[in-house]
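Content type mmCIF, C-alpha atoms and all ligand atoms, from the file upload19.cif:
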```
data_my_file
#
loop_
_atom_site.label_atom_id
_atom_site.label_comp_id
_atom_site.auth_asym_id
_atom_site.auth_seq_id
_atom_site.Cartn_x
_atom_site.Cartn_y
_atom_site.Cartn_z
CA MET N 757 227.10 79.32 197.89
CA TYR N 758 224.67 78.55 200.70
CA ARG N 759 224.57 82.28 201.65
CA LEU N 760 223.92 83.24 198.01
CA ALA N 761 220.97 80.85 197.83
CA ILE N 762 219.44 82.41 200.97
CA VAL N 763 219.84 85.93 199.53
CA LEU N 764 218.22 84.82 196.25
CA VAL N 765 215.25 83.22 198.06
CA LEU N 766 214.72 86.30 200.24
CA THR N 767 214.89 88.63 197.23
CA LEU N 768 212.36 86.50 195.33
CA ALA N 769 210.03 86.47 198.36
CA ALA N 770 210.26 90.27 198.65
CA VAL N 771 209.37 90.69 194.96
CA VAL N 772 206.40 88.30 195.24
CA VAL N 773 205.05 90.03 198.39
CA GLY N 774 205.61 93.46 196.82
CA CYS N 775 203.68 92.50 193.67
CA HIS N 776 200.88 91.05 195.77
CA LEU N 777 200.56 94.23 197.86
CA TYR N 778 200.57 96.35 194.70
CA ALA N 779 197.84 94.21 193.13
CA ALA N 780 195.77 94.39 196.33
CA ASP N 781 196.14 98.17 196.27
CA GLU N 782 194.98 98.27 192.66
CA ALA N 783 191.96 96.08 193.43
CA LYS N 784 190.77 98.31 196.30
CA PRO N 785 187.78 100.31 194.94
CA ALA N 786 188.12 104.08 195.29
CA ALA N 787 185.46 105.62 197.57
CA ALA N 788 182.70 106.66 195.14
CA ALA N 789 181.87 110.38 195.17
CA PRO N 790 178.13 110.94 195.75
CA VAL N 791 176.09 111.85 192.68
CA THR N 792 175.12 115.48 193.21
CA ILE N 793 172.77 117.71 191.24
CA GLN N 794 173.05 121.47 191.43
CA LEU N 795 169.66 123.18 191.66
CA GLY N 796 168.86 126.50 190.01
CA PRO N 797 168.50 129.70 192.04
CA PRO N 798 165.14 130.25 193.79
CA ASP N 799 162.59 132.87 192.86
CA THR N 800 162.21 135.17 195.88
CA SER N 801 159.50 137.44 194.49
CA GLY N 802 156.75 135.10 193.18
CA LYS N 803 153.51 136.02 191.46
CA MET N 804 150.74 135.10 193.90
CA PRO N 805 149.96 137.06 197.08
CA LEU N 806 150.40 135.04 200.28
CA GLU N 807 146.71 135.57 201.14
CA GLN N 808 145.69 133.93 197.87
CA THR N 809 147.87 130.86 198.57
CA LEU N 810 146.26 130.60 202.03
CA ALA N 811 142.76 131.01 200.61
CA THR N 812 143.18 128.38 197.89
CA ARG N 813 145.37 125.69 199.53
CA ARG N 814 143.52 122.36 199.68
CA SER N 815 144.60 118.75 200.17
CA VAL N 816 144.29 117.14 196.74
CA ARG N 817 144.88 113.44 196.08
CA LYS N 818 144.14 113.01 192.35
CA TYR N 819 146.99 113.95 190.03
CA ALA N 820 147.77 114.38 186.35
CA ASN N 821 150.18 111.86 184.88
CA ALA N 822 152.65 114.66 184.13
CA PRO N 823 156.11 115.60 185.34
CA ILE N 824 157.18 118.30 187.77
CA SER N 825 159.88 120.53 186.26
CA MET N 826 163.35 121.00 187.74
CA PRO N 827 162.74 124.74 188.45
CA GLN N 828 159.54 123.76 190.32
CA LEU N 829 161.38 121.10 192.33
CA SER N 830 164.18 123.55 193.12
CA GLN N 831 161.66 126.15 194.28
CA LEU N 832 159.79 123.69 196.52
CA LEU N 833 163.02 122.55 198.19
CA TRP N 834 164.08 126.13 198.77
CA ALA N 835 160.68 126.82 200.36
CA ALA N 836 161.18 123.78 202.61
CA GLN N 837 164.70 124.37 203.91
CA GLY N 838 166.52 126.85 201.67
CA ILE N 839 169.18 129.04 203.28
CA THR N 840 168.00 132.64 203.25
CA ASP N 841 170.85 134.17 205.29
CA PRO N 842 174.23 132.72 204.28
CA ALA N 843 175.97 134.60 207.12
CA THR N 844 174.02 132.75 209.83
CA GLY N 845 172.78 129.72 207.86
CA HIS N 846 169.19 130.58 208.79
CA ARG N 847 166.56 129.07 206.52
CA THR N 848 163.07 129.64 205.10
CA ALA N 849 161.52 127.75 208.06
CA PRO N 850 162.19 128.57 211.72
CA SER N 851 164.16 126.11 213.88
CA ALA N 852 164.25 125.64 217.67
CA MET N 853 167.52 127.19 218.88
CA GLY N 854 168.65 127.22 215.24
CA THR N 855 169.63 123.54 215.50
CA TYR N 856 168.02 122.46 212.20
CA PRO N 857 167.28 118.80 213.03
CA LEU N 858 165.23 118.17 209.86
CA HIS N 859 166.24 116.63 206.55
CA ILE N 860 164.31 116.59 203.28
CA TYR N 861 164.35 113.65 200.89
CA VAL N 862 162.79 113.82 197.42
CA PHE N 863 161.15 110.74 195.97
CA ALA N 864 161.42 111.80 192.31
CA ALA N 865 159.27 109.46 190.25
CA ASN N 866 158.58 111.85 187.36
CA VAL N 867 160.67 115.02 187.19
CA SER N 868 161.74 116.45 183.82
CA ASP N 869 165.51 116.16 183.31
CA LEU N 870 166.08 114.20 186.53
CA ALA N 871 166.64 110.45 186.70
CA ALA N 872 164.02 108.74 188.86
CA GLY N 873 165.40 108.17 192.35
CA VAL N 874 165.44 109.30 195.94
CA TYR N 875 167.60 112.35 196.59
CA LYS N 876 168.60 114.15 199.78
CA TYR N 877 168.36 117.94 199.77
CA ILE N 878 171.56 119.67 200.88
CA PRO N 879 170.67 123.27 201.89
CA GLN N 880 174.36 124.28 201.84
CA GLY N 881 174.87 124.92 198.12
CA HIS N 882 171.19 124.22 197.28
CA LYS N 883 171.80 120.79 195.75
CA LEU N 884 170.61 117.19 195.70
CA GLU N 885 172.53 114.03 196.54
CA LEU N 886 171.39 110.69 195.10
CA VAL N 887 170.44 108.19 197.82
CA ALA N 888 168.63 105.44 195.88
CA GLU N 889 168.00 104.91 192.17
CA GLY N 890 164.62 104.39 190.48
CA ASN N 891 160.99 105.13 191.31
CA GLN N 892 160.72 104.23 195.02
CA ASN N 893 157.22 105.58 195.75
CA VAL N 894 156.07 102.07 196.62
CA SER N 895 158.34 102.25 199.71
CA ALA N 896 156.56 105.37 200.94
CA GLY N 897 153.21 103.75 201.72
CA THR N 898 150.01 102.33 200.33
CA GLN N 899 147.81 105.41 200.01
CA PRO N 900 146.86 105.72 196.30
CA GLN N 901 148.16 109.28 195.98
CA VAL N 902 151.60 108.11 197.16
CA ARG N 903 151.80 105.74 194.20
CA THR N 904 150.68 108.30 191.59
CA ALA N 905 152.52 111.45 192.73
CA PRO N 906 155.43 112.52 190.48
CA VAL N 907 157.18 113.88 193.58
CA LEU N 908 157.02 113.09 197.29
CA PHE N 909 158.91 115.04 199.92
CA LEU N 910 159.86 113.13 203.05
CA VAL N 911 160.71 115.18 206.14
CA THR N 912 162.90 113.33 208.66
CA ALA N 913 164.16 114.43 212.06
CA ASP N 914 167.54 113.71 213.64
CA THR N 915 167.35 115.22 217.09
CA THR N 916 170.79 114.15 218.37
CA ALA N 917 172.18 117.69 218.50
CA THR N 918 168.97 119.25 219.85
CA ALA N 919 168.59 116.55 222.53
CA ALA N 920 172.05 117.36 223.87
CA ARG N 921 170.82 120.88 224.61
CA MET N 922 167.23 120.38 225.79
CA GLY N 923 166.74 116.66 226.53
CA ALA N 924 165.36 113.97 224.25
CA PRO N 925 161.55 114.24 224.74
CA LYS N 926 161.44 117.99 224.23
CA ALA N 927 163.84 117.80 221.26
CA ARG N 928 161.55 115.29 219.53
CA ASP N 929 158.39 117.32 220.29
CA TRP N 930 159.97 120.46 218.94
CA ALA N 931 161.24 118.71 215.80
CA MET N 932 157.64 117.63 215.11
CA LEU N 933 156.50 121.27 215.42
CA GLU N 934 159.31 122.29 213.09
CA ALA N 935 158.23 119.65 210.55
CA GLY N 936 154.80 121.31 210.53
CA CYS N 937 156.39 124.66 209.64
CA VAL N 938 158.37 123.08 206.79
CA THR N 939 155.32 121.22 205.52
CA GLU N 940 153.18 124.35 205.35
CA ASN N 941 156.00 126.13 203.48
CA ILE N 942 155.99 123.37 200.86
CA LEU N 943 152.19 123.33 200.57
CA LEU N 944 151.90 127.10 200.12
CA GLN N 945 154.75 127.13 197.61
CA GLU N 946 152.93 124.42 195.66
CA VAL N 947 149.82 126.62 195.47
CA SER N 948 151.91 129.57 194.32
CA LEU N 949 153.41 127.41 191.54
CA GLY N 950 149.96 126.14 190.45
CA LEU N 951 150.70 122.68 191.87
CA ILE N 952 148.73 120.47 194.27
CA GLY N 953 149.48 117.98 197.04
CA VAL N 954 148.60 116.60 200.45
CA PRO N 955 150.53 116.18 203.70
CA MET N 956 150.56 112.58 204.94
CA ALA N 957 151.41 111.10 208.31
CA GLY N 958 149.74 107.80 207.44
CA TYR N 959 152.63 105.78 206.08
CA ASP N 960 154.79 102.90 207.18
CA PRO N 961 158.42 103.79 207.96
CA VAL N 962 159.48 100.11 207.85
CA LYS N 963 160.54 100.22 204.18
CA ILE N 964 161.74 103.82 204.23
CA LYS N 965 164.43 103.46 206.88
CA PRO N 966 166.49 100.75 205.12
CA LEU N 967 165.93 102.31 201.68
CA LEU N 968 167.44 105.60 202.84
CA LYS N 969 169.92 103.89 205.20
CA LEU N 970 168.71 106.16 207.99
CA PRO N 971 170.67 105.93 211.25
CA ASP N 972 168.73 104.98 214.40
CA SER N 973 168.76 108.65 215.42
CA GLU N 974 166.87 109.78 212.28
CA GLU N 975 163.12 109.14 212.02
CA PRO N 976 160.67 109.79 209.17
CA VAL N 977 158.02 112.37 210.15
CA PHE N 978 155.87 113.64 207.29
CA ILE N 979 155.36 113.02 203.57
CA ILE N 980 154.09 115.72 201.22
CA SER N 981 153.08 115.02 197.62
CA ALA N 982 153.55 117.48 194.76
CA ALA N 983 151.84 117.15 191.40
CA ARG N 984 149.96 118.84 188.61
CA ARG N 985 146.18 118.93 188.77
CA GLY N 986 144.57 115.81 187.18
C1 LIG N 1001 149.22 115.73 210.73
C2 LIG N 1001 148.43 115.48 209.47
C3 LIG N 1001 148.42 114.21 208.93
C4 LIG N 1001 147.72 113.96 207.74
N1 LIG N 1001 147.79 112.71 207.18
C5 LIG N 1001 147.13 112.46 206.03
C6 LIG N 1001 147.25 111.19 205.40
O1 LIG N 1001 147.96 110.29 205.85
N2 LIG N 1001 146.57 111.00 204.23
C7 LIG N 1001 145.79 111.97 203.66
O2 LIG N 1001 145.21 111.72 202.60
N3 LIG N 1001 145.67 113.19 204.24
C8 LIG N 1001 146.33 113.47 205.40
N4 LIG N 1001 146.25 114.72 205.97
C9 LIG N 1001 145.48 115.78 205.30
C10 LIG N 1001 144.14 116.01 206.00
O3 LIG N 1001 143.26 114.95 205.74
C11 LIG N 1001 143.55 117.33 205.50
O4 LIG N 1001 144.42 118.38 205.81
C12 LIG N 1001 142.18 117.61 206.10
O5 LIG N 1001 141.23 116.72 205.59
C13 LIG N 1001 141.72 119.04 205.85
O6 LIG N 1001 141.59 119.29 204.45
P1 LIG N 1001 142.45 120.43 203.71
O7 LIG N 1001 143.90 120.15 203.91
O8 LIG N 1001 142.06 120.32 202.26
O9 LIG N 1001 142.08 121.75 204.29
C14 LIG N 1001 146.96 114.99 207.12
C15 LIG N 1001 147.00 116.29 207.68
C16 LIG N 1001 147.73 116.54 208.82
C17 LIG N 1001 147.77 117.95 209.38
#
```
Could the structure of this file be written out as structure tokens, please?
Ligand SMILES: Cc1cc2nc3c(=O)[nH]c(=O)nc-3n(C[C@H](O)[C@H](O)[C@H](O)COP(=O)(O)O)c2cc1C
Amino acid sequence: MYRLAIVLVLTLAAVVVGCHLYAADEAKPAAAAPVTIQLGPPDTSGKMPLEQTLATRRSVRKYANAPISMPQLSQLLWAAQGITDPATGHRTAPSAMGTYPLHIYVFAANVSDLAAGVYKYIPQGHKLELVAEGNQNVSAGTQPQVRTAPVLFLVTADTTATAARMGAPKARDWAMLEAGCVTENILLQEVSLGLIGVPMAGYDPVKIKPLLKLPDSEEPVFIISAARRG
């Protein structure tokens, strides 16, 4: 009788623990897949001669209150860091030792058919990944054109891989040079699309880093606006 009671108690305990574990398993949230947006294919022929884009590029800070289209956004991102040779992974902009330390984030405040938010450009597959929801331009600085631009591109640099090959100071210097190449690509592509913008180094990274959850190794470098003429 005594032995039977022990068996019953142990069985009951096993059932209770089992149910508890099952419930805990159920309650565990599944790792959320990132929200990704596939971008359309880039135009590699264009309509405006390169010389005309060079002759007419100007820093402009007054914008129309009008959206940028998804094809325009796609084209600008391709110009910034699009992969042009899938076999090697080489991109539209050159990169020191082909290490590609730069990342491009889009502050999309007013883009047709795209929810306002901050997105990270993924060159592999030419797509966007949502990083933060809503219009976040206020986090990108206090210059008036930052607040009114429908799109801001933020170029960041993570030089961890490059530093392992050439040392930290040189890796950072070279990433800054590379950011200049990317920035000019974006600016000339804007001209070719009939858009305007300005490159900006005058911003405060204090709000940007936590918003984008940037690791210590990744620093904001340059912001470029994109807009229609006001
Ligand atoms: C490294 C760098 C940083 C810049 N930072 C800012 C900035 O923070 N705000 C701004 O309005 N323009 C900025 N500019 C744009 C310059 O003011 C502009 O290029 C210059 O006045 C020449 O005019 P242009 O671009 O129309 O030829 C920057 C340009 C460079 C190259």
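Each of N:Val791, N:Leu810, N:Thr855, N:Gly838 was compared to Ala920 in chain N using only C-alpha atoms, and N:Thr855 turns out to be the nearest.
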Residue list as a PyMOL selection string for point (157.6, 122.5, 205.1), cut-off 12 Å, only C-alpha atoms: chain N and resi 832-838+847-851+858-861+909-912+931-946+954-955+977-981
Per-axis box centre and lengths in Å around ligand LIG 1001 (chain N), 4 Å margin per side, axis-aligned, as JSON:
```
{"center_x": 145.2, "center_y": 116.0, "center_z": 206.5, "size_x": 16.0, "size_y": 19.5, "size_z": 16.5}
```
Can you check which parts of chain N lie within 6 Å of ligand LIG 1001 (chain N)? Per residue, the shortest pair of atoms and distance in Å to one decimal, counting all atoms listed in the file, sorted by chain and number, as CSV.
```
residue,atom,partner,partner_atom,distance
N:Arg814,CA,N:LIG1001,O8,3.6
N:Ser815,CA,N:LIG1001,O8,3.6
N:Val954,CA,N:LIG1001,C9,5.8
N:Pro955,CA,N:LIG1001,N4,5.1
N:Met956,CA,N:LIG1001,N1,3.6
N:Ala957,CA,N:LIG1001,N1,4.1
N:Gly958,CA,N:LIG1001,O1,3.4
```
Residue neighbourhood range 885-887 of chain N, 8 Å, all atoms listed in the file, exclusion window fewer than 4 positions, as a PDB file with C-alpha atoms, in the frame of the given file:
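Result file follows (out.pdb):
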```pdb
ATOM      1  CA  PRO N 790     178.130 110.940 195.750  1.00  0.00           C
ATOM      2  CA  VAL N 791     176.090 111.850 192.680  1.00  0.00           C
ATOM      3  CA  THR N 792     175.120 115.480 193.210  1.00  0.00           C
ATOM      4  CA  ILE N 793     172.770 117.710 191.240  1.00  0.00           C
ATOM      5  CA  GLY N 873     165.400 108.170 192.350  1.00  0.00           C
ATOM      6  CA  VAL N 874     165.440 109.300 195.940  1.00  0.00           C
ATOM      7  CA  TYR N 875     167.600 112.350 196.590  1.00  0.00           C
ATOM      8  CA  LYS N 876     168.600 114.150 199.780  1.00  0.00           C
ATOM      9  CA  TYR N 877     168.360 117.940 199.770  1.00  0.00           C
ATOM     10  CA  ILE N 878     171.560 119.670 200.880  1.00  0.00           C
ATOM     11  CA  LEU N 968     167.440 105.600 202.840  1.00  0.00           C
TER      12      LEU N 968
END
```
CA of Tyr819 in chain N to CA of Gln901 in chain N, distance in Å rounded to a single decimal: 7.7 Å
